[in-house]
Amino acid sequence: MNATWETFGLHPRIVETLIANKIETPTPVQAATIPVLLAGHDVTAKSQTGTGKTLAYMLPALQCVDTTSSAVQVIVLAPTQELAMQIFRVAEAYGEPLGIKTQQLIGGASTQRQVEKLRLHPHVVVGTPGRMHELAKSGKLKLHQIRFVIVDEADQVFSLGSTIEVVTLLRGTARDRQIAFFSATRPREMEETEAQWMKDPQHIDVSADQSTAGKVDHYYLICDKRDKADTARRLIRLLKPAAALLFINDTDEIANYEAKFGYEGFTVETLYGDADKQKRAATLARFRDGRCQLLIATDVAARGLDIVALPLVVHLDPALDADHYVHRSGRTGRMGKSGTVVSIVTPQELFIMNKFKKQLAIDLQEKVMYKGKLVDPGTQSFSRDSERGSSRRRDEGSAGQSAGGAGRFAAQAMESASAGDQGLKAATSNVTDGQNASLESGIKAGFRAGKPLQLGSQSVARPAARTSSASGKQNAQKSAAQPIKPTKSKREQEKDRKNKGAPKWLKAKRDEEQK
């Protein structure tokens with residue numbers, strides 16, 4: 001029996017909002033998680049990106065909110081500002097029909113304005129660990145009545161160096177609070193964290209068979225590091241995506257790539273952690289609206305961001321590890337849609353692709369760009385066409401060499417014949433055109449060595465005397481052609497020696513004195 005929203009016992013207004021948003025049936029992770037959370041269990045859920053994890057935890061959280069209370073009852077922690085804002089919009093959309101007030105608390109925004117909004121007594125707070133810890137420490141955010149704690153992308157939240165902040169927040173909540181950890185990956189380190197904070201957690205894994213979306217094609221291209229930008233340009237021209245998300249590892253390279261792609265005529269935006277909140281939000285809005293084609297980003301955009309129907313993800317730098325590859329690649333192929341992921345690697349980075357292929361058990365294929373298509377370098381059509389083109393070039397080159405060799409050989413034969421070497425003419429009278437090249441090389445070698453070349457019963461000797469006499473005549477002609485310079489007297493030579501390097505006025509003065 002297929003699960004429906006009504007079978008979960010969700011509030012009718014939540015169901016109406018889901019239907020209005022054309023979300024008619026729950027996804028596997030939602031079907032597996034919502035009943036367990038509604039039953040009050042702690043949950044650690046792992047599911048591939050783009051499968052609807054946000055609604056999987058947000059709907060049960062909203063269901064348990066008591067709107068008659070003015071206390072903060074639910075907090076949601078996210079690793080990045082962008083993901084926190086995305087979750088906040090979902091909570092706001094589904095909580096408003098129930099009279100639930102929601103507030104975002106993220107870094108980069110005005111602290112004073114956030115404090116003012118906390119005075120409006122929100123029921124649900126969504127934000128980043130740093131800003132929430134700051135407000136809780138100052139007493140502006142009350143934690144003692146919180147009944148539900150959700151950590152999205154839990155593995156990253158606990159590995160960003162903000163563990164102390166998260167621990168402080170968890171300790172400030174009520175002892176009987178419910179905790180849920182969600183992520184697309186679950187490192188072993190998370191097991192200790194779950195054991196520390198959860199009571200008999202229910203482990204839900206709907207991605208046991210695959211770590212990435214099944215409708216996503218994974219490829220990689222090999223090139224030199226200096227050619228990565230040009231390779232990406234050719235790839236985008238070839239695939240013609242409506243939009244593409246390009247990941248890099250080094251923030252210092254963002255301006256370089258932005259300039260290169262902008263020069264090629266693309267509309268480019270950048271997204272990285274050092275940018276302020278307003279710029280990052282505006283950049284994402286333009287990319288989502290289709291006002292820019294390319295978004296160059298660091299891993300700040302790799303976690304949880306939902307960009308509708310993004311067709312292409314390009315790794316300009318390979319992901320740091322398999323988990324980062326999953327999260328980066330998860331920006332495409334979301335909610336069952338198709339997508340393409342292409343990594344551009346150097347020969348030295350090729351081992352990373354092999355490692356990801358084994359760790360993630362995905363079909364990560366090497367491709368080359370050929371005749372407007374991404375093809376396998378070992379395919380028969382590619383090899384046949386390449387060999388045909390190479391053969392044609394070799395044939396043309398061989399024909400040119402044979403023609404040139406025949407001409408040079410004929411010239412040498414005429415020269416030898418005119419010098420009285422009738423043996424060469426007789427020896428080559430029966431030689432075919434195809435043997436010209438080998439004859440030519442043999443004759444030249446024999447001439448350089450000053451030895452006769454054996455051709456059947458004939459021999460060709462090097463015409464040394466003729467060459468010497470010809471060289472002598474040429475030297476004599478050159479000498480005769482050069483004019484003979486008149487010899488200067490000793491007085492003139494002495495004058496030239498004194499005037500060498502002297503200023504013009506001094507030269508003129510000396511000339512007058514001699515006159």
# chains A, B, ... in the order shown; residues from 1 in each chain; ligands from 1
>>> residues_around(residues="Thr270 (chain A)", least_positions_apart="6", cutoff="7 Å", atoms="only C-alpha atoms", output="list of chain:residue names")
A:Leu295, A:Ile296, A:Ala297
>>> residues_around(residues="region 278-288 of chain A", least_positions_apart="3", cutoff="10 Å", atoms="only C-alpha atoms", output="PyMOL selection string")
chain A and resi 81-82+85+108-109+243-245+267-275+291-295+301+305-310
>>> closest_residue(among="A:Lys117, A:His218, A:Lys355, A:Arg175", to="Lys199 (chain A)", atoms="only C-alpha atoms")
A:Arg175
>>> closest_residue(among="A:Ala255, A:Leu169, A:Val124, A:Val36", to="Asp66 (chain A)", atoms="only C-alpha atoms")
A:Val124
>>> closest_residue(among="A:Leu10, A:Met190, A:Val313, A:Leu83", to="Ala242 (chain A)", atoms="only C-alpha atoms")
A:Val313
>>> atom_distance(atom1="CA of Arg188 (chain A)", atom2="CA of Gln30 (chain A)")
23.8 Å
>>> residues_around(residues="region 140-149 of chain A", least_positions_apart="4", cutoff="7 Å", atoms="only C-alpha atoms", output="PyMOL selection string")
chain A and resi 61+71-76+115+135-136+172-174+177-180
>>> atom_distance(atom1="CA of Thr7 (chain A)", atom2="CA of Glu24 (chain A)")
12.6 Å
>>> closest_residue(among="A:Arg13, A:Lys260, A:Lys367, A:Arg171", to="Leu221 (chain A)", atoms="only C-alpha atoms")
A:Lys367
>>> closest_residue(among="A:Thr185, A:Asn499, A:Thr340, A:Ser110", to="Ser47 (chain A)", atoms="only C-alpha atoms")
A:Thr185
>>> select_by_dssp(residues="region 167-252 of chain A", states="strand (DSSP E)", output="list in words")
Gln178, Ile179, Ala180, Phe181, Phe182, Ser183, Gln202, His203, Ile204, Asp205, Val216, Asp217, His218, Tyr219, Tyr220, Leu221, Ile222, Ala244, Leu245, Leu246 and Phe247 of chain A
>>> atom_distance(atom1="CA of Leu246 (chain A)", atom2="CA of Ile344 (chain A)")
10.4 Å
>>> select_by_dssp(residues="region 144-284 of chain A", states="helix (DSSP H, G or I)", output="JSON, numbers by chain")
{"A": [154, 155, 156, 157, 163, 164, 165, 166, 167, 168, 169, 170, 171, 172, 189, 190, 191, 192, 193, 194, 195, 196, 197, 225, 226, 227, 228, 229, 230, 231, 232, 233, 234, 235, 236, 237, 238, 239, 251, 252, 253, 254, 255, 256, 257, 258, 259, 260, 261, 262, 263, 277, 278, 279, 280, 281, 282, 283, 284]}
>>> closest_residue(among="A:Lys228, A:Arg186, A:Lys215, A:Lys277", to="Ala322 (chain A)", atoms="only C-alpha atoms")
A:Arg186
